[in-house]
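Below is one structure; the comments refer to it alone.
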Amino acid sequence: MAWEAVIGLEIHVQLATQSKIFSGASTRFGAEPNAQACAVDLGLPGVLPVLNEAAVAMAIKFGLAIGAEINQHSIFDRKNYFYPDLPKGYQISQFETPIVGKGELTIALEDGSTRTVGITRAHLEEDAGKSVHDLFPGQTGIDLNRTGTPLLEVVSEPDMRSAQEASVYFKQMHTLVRYLKICDGNLAEANMRCDANVSVRQVGQSELGERTEVKNINSFRFVERAIEYEIERHIGILESGGTIERETRQYDAERDETRTMRGKELSADYRYFPDPDLLPLQLSDELVARVRASLPELPDSRRRRYIEELGLSDYDADLLSSDIDVAEYFEATANASDALSAKLAANWVIGELAAHLNRDDLAMTDNPITPNQLGQMIERLKDGTLSSKTAKSLFEALWKQQGEVDDLIESLGLAQMSDSSELEAIVQKIVADNPDQFEQLRGGKDKVLGFFVGQVMKATQGKANPGQVNELIRKLL
Amino acid sequence: MPPFSTLREISSALASGDYSSVEVTQEHLDLIATLDPDTNSFITVDADAAIAQASAADVKRAGRSKAGADAGPLTGVPIAHKDIFCTLGTRTTAGSKMLADFVAPYNATVVDKLSAAGCVTLGKTNMDEFAMGSSNENSYFGAVKNPWDRKTVPGGSSGGSAAAVASGLTPAATGTDTGGSIRQPAAFCGITGLKPTYGRVSRYGMIAFASSLDQGGPLCRDANDAGLLLSAMAGFDPRDSTSANRSDDWLDNVAELGVPEVAPLKIGLPQEYFAKAGTASFLDSIKRELEQLGHTFVDVSLPHTDSAIPCYYVIAGAEASTNLSRYDGVRFGHRCDDPTSLEDLYERSRTEGFGAEVKRRILTGTYALSVGYYDAYYLKAQKIRRLIARDFDNTFASVDVLLTPTTPGTAFQRGALTQDPVAMYQQDLFTVPTSLAGLPAISFPCGFKDGLPLGAQAIAPAFREDLLLGLAAQYQTVTDFHLQRPGD
């Protein structure tokens, strides 16, 4: 019996606004508990929400990037339920009329094929606070710093057919929102969380099987593992003659399993209705046009451009385009249309730079070397001032200290020897000191040439141009 | 200062130096201390704070304060706030046990604006719990007595404000009106009360009952005072998304020029309002007086009037049921002793903290929003609301203002309707439709019946409070109902 999984994701994207969606409090992560909860966040009597326009612009930007309809009239609703970390007793969300309508995202699968995942809708809402159960014995602490943080909830169609596809979709969504600069994308700080709706059915069957929802997954790996587990669980139950109960489950990463959170019988009546404190959100054509004009080049287009115009390999283009900070750094470094600069810049960004960032556990944005510095260094490589060896020394220097590239080449004496008479003297001395080897070379033993070049490089501390050394030795023959 | 002085009289006395704000304030505080234990129109009086504000106002009046802080007409004039407006440093209870000890860390915008205008706050007035009621019998802090007849109610929910003005304890007070809570007590207490257009006065810091209906406004001795106080309360507030971003010259100039004079108006008499027993002859004398002033009357129809009460109680209840969810005993307000679980904390805190009428409205509102009932109740009520608003739009195509009784009758006996909530809700019959339509309406004294005041209500198109204030002010130049005092 062949089974097919059907998966849809709801991804909560935390929007990178300075202040909260309905109040002026800061959204900065990591403050003392409740230090960033103002009267509005606390739901004190008489306070009122005021919509943060930056969050609206970010939602529009996202909608445009996935080719979605932007609903120029949308409504904020109250979703009513009691919970200690939900101060007002309701969450302001969008129910029947979200700001972003139908769109799609095309994902690239490992086998080189692509799949287009439909996006049903995306809506704006406020995050709840946090209940802390393990700090105070017998009591629960409430931290309302996160209360009112703007979220964009992106709901996909049930278009994915494997855990791996779902993980790729989640990753690609991560890449996209980082490109759009609407989300910091820090998964450890729960900037993106997803709920996975999973069901299985017989291959060829058109109707969907009963689904379960796995809540609050916040890593690419866990998405894959939680869904994998869930698919296996469904198949196991169905094959042994059981039925799937619709329920909400949570993923336990340590035990690598999902378990029941709440069943259907507890599903709440949220009594959604339009929030009378907020007027319907009306978007002008002008605002949508302004946001459209601010859209950056998206990952797919960038990747194709790297391959077609800059002549990079598929592999390099993938690596460089999958993160907006890396892509922007790379382009600022290459900053030239010639393929040589692009290839060199790609090599240095993917190679030495990535290794250093990795070694020192730094993000691209914390990189001490500016694209301008690395670009100049590449120019000096191209014009022969630097060898690949001295370029590495210069890179080390730039990593550790400030300074102009040319000044450092000068002060550290890293320039290749351009004075041929000086180099000629060195070559002659080394030839004179090694008459036997020179005889072998003269006798046609070409391998010995490497020995002489090596000796010269050693004597010049790598500053000689190996090509020039080669030429000088051959002239002596 | 003679008792029952108006805001304008006090303002001139302060400007001329005949009285200091400290003197005027102290006189009112003394009256409150003497008379209010019986009337019960105040929940909280902070005499020290009032005197401190009055001293600061006297300094300002004398020109001795820092540059740029010019005295205005309201500098040093005492007023009272309905206890629904949050006040920094003084408790704000909304008439509820739930908030009996709540001190807000901010002022309502209305409080800020009136403080900035120089008003001295005498105290916080009594009200029906969370503004839910038409008799002021639903206050955790006890019922308020109507100064005209202490066995009757002052009306509600701004009953404390109305009674305090009527008995001369304060020259004016703020109130809020959701379905008639300024106009009905103004009518019962023989004073002038204005419910402004929805959006005219900021709701920030005004504890919510039903957000799409709540509107703050003045309760005063006459229409000119109401205009003066409104001009200091009104204005766009970026902290209230439903606040109207507009300015009106007449409103900005009220302090200097008084309320605008009205040209002869075409006044509509909605027949549905007069079809009720006992109200047919209600306005006979006021019609004659207004006709003598050059105004003309025409019968009009507002066909959906009868649906207003059920529509209002569904919408107001629905909004209230979620507005009041925040009172859960977790962060502020009443918390039960020794909760054994989260459920227990919620259940007992809310059971103990809310009174019967508040619970009734939370329950009916929750029901109206529930799956399976939403379409039949909430959605239908919203449709009726649009029809009611359209009725008004249609009539205003042919008339300038509407004139109706404010209430079906005079103040009723305390306890008379407490066992019959539907009869109590019918008290709002004439005030609720304008609230649903968001329109401005004024209630002003137009006579007496059996020694109790009668109120007339005038209704205008949105943001035309000038017509209402102008009409009432003109009427008050030819009548003296507004000058009558209880006990005279």
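For the structure tokens, the naming scheme is as follows: chains receive sequential letters (A, B, ...) according to their order of presentation, residues are indexed from 1 within each chain, and ligands are indexed from 1 in presentation order.
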Determine which residues of chain B sit within 8 Å of chain A, taking into account only C-alpha atoms, and present them as a short mmCIF file (atom, residue, chain, number, x, y, z; two decimals) with C-alpha atoms, in the first residue's frame.
data_model
loop_
_atom_site.label_atom_id
_atom_site.label_comp_id
_atom_site.auth_asym_id
_atom_site.auth_seq_id
_atom_site.Cartn_x
_atom_site.Cartn_y
_atom_site.Cartn_z
CA PHE B 85 -11.88 58.64 33.35
CA CYS B 86 -8.47 57.42 34.49
CA ALA B 104 -4.05 54.21 36.80
CA PRO B 105 -0.48 55.13 35.87
CA ALA B 108 -7.28 59.90 30.32
CA ARG B 203 -11.75 57.69 24.44
CA TYR B 204 -8.16 57.14 25.56
CA GLY B 205 -8.11 56.46 29.30
CA MET B 206 -11.91 56.33 29.45
CA ILE B 207 -12.71 52.85 30.73
CA ALA B 208 -14.49 51.04 27.92
CA SER B 211 -16.17 50.93 22.28
CA SER B 212 -18.18 51.75 19.16
CA PRO B 238 -3.45 60.06 18.02
CA ARG B 239 -3.86 57.53 20.85
CA ASP B 240 -7.49 56.87 19.85
CA SER B 241 -7.81 55.38 16.36
CA THR B 242 -11.50 56.30 16.26
CA GLU B 319 -18.48 44.68 22.88
CA THR B 322 -14.82 41.24 25.47
CA ASN B 323 -13.87 44.69 26.77
CA SER B 325 -12.28 40.15 29.69
CA ARG B 326 -9.16 41.95 30.92
CA VAL B 330 -4.12 38.38 36.99
CA ARG B 331 -2.51 41.80 36.63
CA PHE B 332 -4.71 44.36 38.40
CA THR B 366 -20.98 36.41 24.94
CA LEU B 369 -21.01 36.44 19.61
CA SER B 370 -21.01 32.66 19.94
CA VAL B 371 -20.73 30.27 17.05
#
Counting only C-alpha atoms, what is within 9 Å of Val165 of chain B, bar same-chain residues fewer than 3 positions away, as a ChimeraX atom specification? /B:4,80,160-162,168-173,189,191,219-221
Could you please write out, as a PyMOL selection string, every residue of segment 349-473 of chain B that DSSP assigns to strand (DSSP E)? chain B and resi 401-405+441-449+452-459
Taking N, CA and C atoms for each residue, export the selection above as a CSV table (one decimal), in the first residue's frame.
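Written output follows (again03.csv):
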chain,number,residue,atom,x,y,z
B,401,VAL,N,-32.4,69.9,12.6
B,401,VAL,CA,-32.3,69.1,13.8
B,401,VAL,C,-33.6,68.4,14.1
B,402,LEU,N,-33.5,67.5,15.0
B,402,LEU,CA,-34.7,66.8,15.5
B,402,LEU,C,-34.9,67.1,17.0
B,403,LEU,N,-36.2,67.1,17.4
B,403,LEU,CA,-36.5,67.4,18.8
B,403,LEU,C,-37.3,66.3,19.3
B,404,THR,N,-37.0,65.7,20.4
B,404,THR,CA,-37.7,64.6,21.0
B,404,THR,C,-37.7,64.8,22.6
B,405,PRO,N,-38.5,64.1,23.3
B,405,PRO,CA,-38.3,64.0,24.7
B,405,PRO,C,-36.9,63.2,24.9
B,441,ALA,N,-26.2,64.7,20.4
B,441,ALA,CA,-27.5,65.0,20.9
B,441,ALA,C,-27.3,65.7,22.3
B,442,ILE,N,-28.2,66.6,22.5
B,442,ILE,CA,-28.2,67.4,23.8
B,442,ILE,C,-29.5,67.2,24.5
B,443,SER,N,-29.4,67.2,25.9
B,443,SER,CA,-30.6,67.2,26.7
B,443,SER,C,-30.6,68.5,27.5
B,444,PHE,N,-31.7,69.2,27.5
B,444,PHE,CA,-31.7,70.4,28.3
B,444,PHE,C,-33.1,70.5,28.9
B,445,PRO,N,-33.2,71.2,30.1
B,445,PRO,CA,-34.4,71.3,30.8
B,445,PRO,C,-35.5,72.0,30.1
B,446,CYS,N,-36.7,71.4,30.1
B,446,CYS,CA,-37.8,72.1,29.3
B,446,CYS,C,-39.1,72.1,30.1
B,447,GLY,N,-39.1,71.9,31.4
B,447,GLY,CA,-40.3,72.0,32.2
B,447,GLY,C,-40.2,71.1,33.4
B,448,PHE,N,-41.3,71.0,34.1
B,448,PHE,CA,-41.4,70.1,35.3
B,448,PHE,C,-42.7,69.4,35.3
B,449,LYS,N,-42.7,68.2,35.9
B,449,LYS,CA,-43.9,67.5,36.1
B,449,LYS,C,-43.9,66.9,37.5
B,452,LEU,N,-40.7,67.3,39.3
B,452,LEU,CA,-39.4,66.7,38.8
B,452,LEU,C,-39.1,67.3,37.4
B,453,PRO,N,-37.9,67.4,37.1
B,453,PRO,CA,-37.5,68.1,35.8
B,453,PRO,C,-37.8,67.2,34.6
B,454,LEU,N,-38.1,67.9,33.5
B,454,LEU,CA,-38.3,67.2,32.2
B,454,LEU,C,-37.2,67.6,31.3
B,455,GLY,N,-36.7,66.7,30.4
B,455,GLY,CA,-35.6,67.1,29.5
B,455,GLY,C,-36.1,67.0,28.1
B,456,ALA,N,-35.7,67.9,27.2
B,456,ALA,CA,-35.9,67.8,25.8
B,456,ALA,C,-34.5,67.4,25.1
B,457,GLN,N,-34.7,66.6,24.1
B,457,GLN,CA,-33.4,66.2,23.4
B,457,GLN,C,-33.5,66.8,22.0
B,458,ALA,N,-32.4,67.4,21.6
B,458,ALA,CA,-32.2,67.8,20.2
B,458,ALA,C,-31.1,67.0,19.6
B,459,ILE,N,-31.3,66.6,18.4
B,459,ILE,CA,-30.3,65.7,17.7
B,459,ILE,C,-29.9,66.4,16.4
Restricting the calculation to only C-alpha atoms: of B:Gly317, B:Gly333, B:Gly451, B:Gly17, which residue gets closest to Ala131 of chain B? B:Gly317
With only C-alpha atoms as the counted atoms, please give the residues lying no more than 12 Å from segment 239-243 of chain A, apart from itself and same-chain residues fewer than 6 positions off, as an mmCIF file with N, CA and C atoms, in the first residue's frame.
data_model
loop_
_atom_site.group_PDB
_atom_site.id
_atom_site.type_symbol
_atom_site.label_atom_id
_atom_site.label_comp_id
_atom_site.auth_asym_id
_atom_site.auth_seq_id
_atom_site.Cartn_x
_atom_site.Cartn_y
_atom_site.Cartn_z
ATOM 1 N N MET A 1 0.852 -1.198 0.000
ATOM 2 C CA MET A 1 0.000 0.000 0.000
ATOM 3 C C MET A 1 0.885 1.244 0.000
ATOM 4 N N ALA A 2 0.653 2.142 -0.932
ATOM 5 C CA ALA A 2 1.491 3.339 -1.019
ATOM 6 C C ALA A 2 0.761 4.535 -0.404
ATOM 7 N N TRP A 3 1.441 5.166 0.518
ATOM 8 C CA TRP A 3 0.851 6.324 1.206
ATOM 9 C C TRP A 3 1.462 7.617 0.668
ATOM 10 N N SER A 199 -1.507 15.255 7.125
ATOM 11 C CA SER A 199 -2.415 14.115 6.956
ATOM 12 C C SER A 199 -1.782 13.170 5.934
ATOM 13 N N VAL A 200 -2.272 11.950 5.866
ATOM 14 C CA VAL A 200 -1.798 11.021 4.834
ATOM 15 C C VAL A 200 -3.012 10.429 4.126
ATOM 16 N N ARG A 201 -2.776 9.978 2.907
ATOM 17 C CA ARG A 201 -3.837 9.319 2.138
ATOM 18 C C ARG A 201 -3.176 8.334 1.179
ATOM 19 N N GLN A 202 -3.993 7.455 0.629
ATOM 20 C CA GLN A 202 -3.492 6.509 -0.363
ATOM 21 C C GLN A 202 -3.133 7.279 -1.630
ATOM 22 N N GLY A 209 -7.012 12.990 4.010
ATOM 23 C CA GLY A 209 -7.200 12.229 5.242
ATOM 24 C C GLY A 209 -7.397 13.177 6.412
ATOM 25 N N GLU A 210 -7.791 12.637 7.580
ATOM 26 C CA GLU A 210 -7.934 13.480 8.778
ATOM 27 C C GLU A 210 -6.556 14.007 9.152
ATOM 28 N N ARG A 211 -6.524 15.288 9.584
ATOM 29 C CA ARG A 211 -5.214 15.884 9.841
ATOM 30 C C ARG A 211 -4.989 16.131 11.328
ATOM 31 N N THR A 212 -3.706 16.254 11.684
ATOM 32 C CA THR A 212 -3.334 16.722 13.013
ATOM 33 C C THR A 212 -2.439 17.939 12.819
ATOM 34 N N GLU A 232 4.771 8.988 9.887
ATOM 35 C CA GLU A 232 4.934 7.588 10.274
ATOM 36 C C GLU A 232 3.840 7.160 11.260
ATOM 37 N N ARG A 233 3.534 8.066 12.184
ATOM 38 C CA ARG A 233 2.519 7.764 13.195
ATOM 39 C C ARG A 233 1.158 7.541 12.530
#
Could you produce a table of the residues of segment 327-360 of chain A lying within 12 Å of segment 392-414 of chain A, with the nearest pair of atoms per residue and their separation in Å rounded to one decimal, using only C-alpha atoms, ordered by chain and increasing residue number, as a tab-separated table?
residue	atom	partner	partner_atom	distance
A:Trp348	CA	A:Phe395	CA	9.7
A:Val349	CA	A:Phe395	CA	11.5
A:Gly351	CA	A:Lys392	CA	11.2
A:Glu352	CA	A:Lys392	CA	8.3
A:Leu353	CA	A:Phe395	CA	8.8
A:Ala355	CA	A:Glu396	CA	11.8
A:His356	CA	A:Trp399	CA	8.5
A:Leu357	CA	A:Trp399	CA	9.9
A:Asp360	CA	A:Trp399	CA	10.7
Output file for the residues above (C-alpha atoms, as a short mmCIF file (atom, residue, chain, number, x, y, z; two decimals), in the first residue's frame):
data_model
loop_
_atom_site.label_atom_id
_atom_site.label_comp_id
_atom_site.auth_asym_id
_atom_site.auth_seq_id
_atom_site.Cartn_x
_atom_site.Cartn_y
_atom_site.Cartn_z
CA TRP A 348 36.94 34.78 -1.22
CA VAL A 349 33.42 35.22 0.24
CA GLY A 351 36.14 30.45 1.13
CA GLU A 352 38.34 32.53 3.39
CA LEU A 353 35.63 34.90 4.65
CA ALA A 355 35.76 30.20 7.24
CA HIS A 356 36.80 33.17 9.35
CA LEU A 357 33.22 34.10 10.22
CA ASP A 360 34.94 33.43 15.21
#
Between atom CA of Lys195 of chain B and atom CA of Ala275 of chain B, what distance in Å does the model show, to one decimal?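 Atom CA of Ala275 of chain B lies at a distance of 24.2 Å from atom CA of Lys195 of chain B.
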Val288 of chain A environment, 10 Å, only C-alpha atoms, sequence neighbours closer than 6 positions dropped, as a VMD selection string: chain A and resid 57 60 to 61 64 70 72 294
So which residues touch Gln164 of chain A within 12 Å, counting only C-alpha atoms, skipping near sequence neighbours fewer than 5 positions away, as number ranges by chain? A: 5, 7, 107-111, 169-171, 220-228, 231
